[in-house]
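Trainee: Sharing a structure here in structure tokens format.
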Amino acid sequence: MNLLVTGGAGFIGSNFVHHVVANTDHTVTVLDKMTYAASREALAELPEDRVTLVVGDIAEPDVVDPLVAAADAVVHFAAESHNDNSLNDPSPFIRTNLIGTFTLLEAVRKHDVRLHHVSTDEVYGDLELDDPKRFTEDTPYAPSSPYSASKAGSDHLVRAWVRSFGVRATISNCSNNYGPWQHIEKFIPRQITNVIDGIRPKVYGDGLNVRDWIHADDHSSAVLAILERGRIGETYLIGADGEKNNLEVVRLILKLMGQPEDAYDQVTDRAGHDRRYAIESGKLRAELGWSPRFEDFESGLTDTIAWYREHEDWWRPAKDATEASYAAKGQ
Ligand code: NAD
Ligand code: DAU
């Protein structure tokens with residue numbers, strides 16, 4: 001197959017491209033706008049006869065149409081992905097996540113090409129800390145931020161194109177990813193690089209917010225399983241039973257980096273900050289036989305810390321501007 005992978009130069013999309021090259025015979029065309037979040041280095045060591053990068057915008061029909069026409073399947077990762085940015089300026093989130101997904105849907109409809117849409121557990125809103133429930137495929141949509149609302153809207157577009165036009169699509173909603181190549185605006189790499197720089201980690205609010213961590217490699221293996229064996233029209237939740245609150249994560253980072261575990265600051269909370277995410281991934285495991293490889297968060301985090309120590313050349317150019325943007329908001 002020739003796969004068209006949108007957003008394939010981003011954190012998870014590039015991980016998926018590596019996973020496809022290592023585990024299949026498919027060729028891959030990456031369509032990526034190369035925003036601030038993209039990285040050519042993340043694709044650098046891939047074979048040129050298997051992976052081609054096309055720089056372009058998923059919201060441009062003239063760019064998207066011929067690429068979709070030439071593909072056997074589309075895996076759609078491209079998005080504006082950071083909640084804090086969506087609070088500063090929602091407009092690129094609306095264009096890429098909604099208009100971009102609409103543009104892809106029209107192309108796969110026209111050319112009858114299989115689509116997998118990559119989405120987030122944030123579409124379901126949040127849970128109370130003491131709620132025994134976790135998100136399932138039947139949880140009602142209740143997004144909180146401009147980012148999660150734009151992703152929820154994109155999911156609804158995909159569902160409508162399946163039902164009304166017979167588009168052959170699946171959707172996955174995954175929890176918080178960690179691992180190499182994640183932009184340092186995000187929680188885990190921000191705190192790792194802060195510690196490297198002698199800056200105290202910054203925890204929003206009371207730090208009791210819970211995220212359900214999964215290694216990006218496990219997200220990629222789940223997406224490939226759904227692409228290959230998922231039922232058309234179905235949604236699959238992806239998660240690895242990794243619930244931890246932000247204080248637990250930051251204390252573990254500090255411990256693994258040889259610092260006192262209380263050497264962090266509590267800073268201004270995020271507006272509308274979701275309290276807890278938690279995924280019930282039984283459908284994916286039972287139907288497709290998927291299971292995560294990284295079940296030990298501490299060892300995955302240890303590897304991730306080592307990776308950021310070894311790849312300072314990659315993240316250093318973005319560090320000052322990222323911290324300046326947070327500092328302007330007291331974060
Ligand atoms: P990222 O921000 O690291 O990468 C996004 C990529 O999309 C970048 O390479 C960027 O250049 C590209 N892009 C942005 N706008 C584009 C456009 N208009 N046209 C073409 N390319 C464009 O994001 P990520 O963390 O890798 O997330 C990838 C996908 O996975 C997103 O759809 C996100 O909603 C979803 N997701 C992320 C997580 C997570 O924890 N990071 C969890 C669940 C789901
Ligand atoms: O749940 C899936 C989502 O996970 C994805 O859809 C998003 O693309 C991805 O960015 C992530 O969203 P979060 O908002 O949960 O991730 P973030 O890394 O921004 O923050 C994780 C938690 O840490 C959250 O509770 C906010 C908090 N935080 C974040 C930063 C950047 C801090 O306490 N301090 C920080 O400096």
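Going by the structure tokens order, chains are called A, B, ..., each with residues numbered from 1, while ligands are numbered from 1 in the order shown.
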Restrict the calculation to only C-alpha atoms and all ligand atoms, then for each residue of chain A with any atom at most 6 Å from an atom of ligand 2 give the closest atom pair and their distance in Å to one decimal, rows by chain and rising residue number, as JSON lines.
Mentor:
```
{"residue": "A:Ser81", "atom": "CA", "partner": "ligand 2", "partner_atom_place_in_ligand_line": "8 (O)", "distance": 4.1}
{"residue": "A:His82", "atom": "CA", "partner": "ligand 2", "partner_atom_place_in_ligand_line": "10 (O)", "distance": 4.6}
{"residue": "A:Asn83", "atom": "CA", "partner": "ligand 2", "partner_atom_place_in_ligand_line": "14 (O)", "distance": 5.2}
{"residue": "A:Thr120", "atom": "CA", "partner": "ligand 2", "partner_atom_place_in_ligand_line": "6 (O)", "distance": 4.4}
{"residue": "A:Asp121", "atom": "CA", "partner": "ligand 2", "partner_atom_place_in_ligand_line": "1 (O)", "distance": 5.2}
{"residue": "A:Glu122", "atom": "CA", "partner": "ligand 2", "partner_atom_place_in_ligand_line": "1 (O)", "distance": 5.2}
{"residue": "A:Ser175", "atom": "CA", "partner": "ligand 2", "partner_atom_place_in_ligand_line": "1 (O)", "distance": 4.2}
{"residue": "A:Asn176", "atom": "CA", "partner": "ligand 2", "partner_atom_place_in_ligand_line": "4 (O)", "distance": 4.0}
{"residue": "A:Glu185", "atom": "CA", "partner": "ligand 2", "partner_atom_place_in_ligand_line": "31 (C)", "distance": 5.7}
{"residue": "A:Lys186", "atom": "CA", "partner": "ligand 2", "partner_atom_place_in_ligand_line": "18 (O)", "distance": 3.8}
{"residue": "A:Phe187", "atom": "CA", "partner": "ligand 2", "partner_atom_place_in_ligand_line": "18 (O)", "distance": 3.7}
{"residue": "A:Lys202", "atom": "CA", "partner": "ligand 2", "partner_atom_place_in_ligand_line": "36 (O)", "distance": 5.0}
{"residue": "A:Val203", "atom": "CA", "partner": "ligand 2", "partner_atom_place_in_ligand_line": "33 (O)", "distance": 3.6}
{"residue": "A:Tyr204", "atom": "CA", "partner": "ligand 2", "partner_atom_place_in_ligand_line": "33 (O)", "distance": 3.8}
{"residue": "A:Asn209", "atom": "CA", "partner": "ligand 2", "partner_atom_place_in_ligand_line": "25 (O)", "distance": 5.2}
{"residue": "A:Asn246", "atom": "CA", "partner": "ligand 2", "partner_atom_place_in_ligand_line": "23 (O)", "distance": 5.8}
```
Trainee: Would you give me, as an MDAnalysis selection string, the residues in range 29-187 of chain A that DSSP reads as strand (DSSP E)?
Mentor: chainID A and resid 29:32 51:55 73:76 114:120 169:174 177:178
Trainee: Return as number ranges by chain the residues of protein, DNA or RNA that approach ligand 1 to within 8 Å, with only C-alpha atoms and all ligand atoms taken into account.
Mentor: A: 6-14, 31-39, 55-59, 76-82, 92, 95-97, 100, 117-122, 151, 173-178, 181-183
Trainee: With distances taken over only C-alpha atoms, which residue among A:Gly207, A:Gly239, A:Pro260, A:Gly272 lies nearest Arg285 in chain A?
Mentor: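 For Arg285 in chain A, the nearest of the candidates is A:Gly239.
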Trainee: Enter the distance from CA of Val68 in chain A to CA of Thr170 in chain A, in Å, rounded to one decimal.
Mentor: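 So the answer is 16.4 Å.
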Trainee: Which residues in range 64-296 of chain A does DSSP call helix (DSSP H, G or I)? List them as a PyMOL selection string.
Mentor: chain A and resi 64-69+83-88+91-111+121-124+146-165+187-196+216-229+246-256+282-288
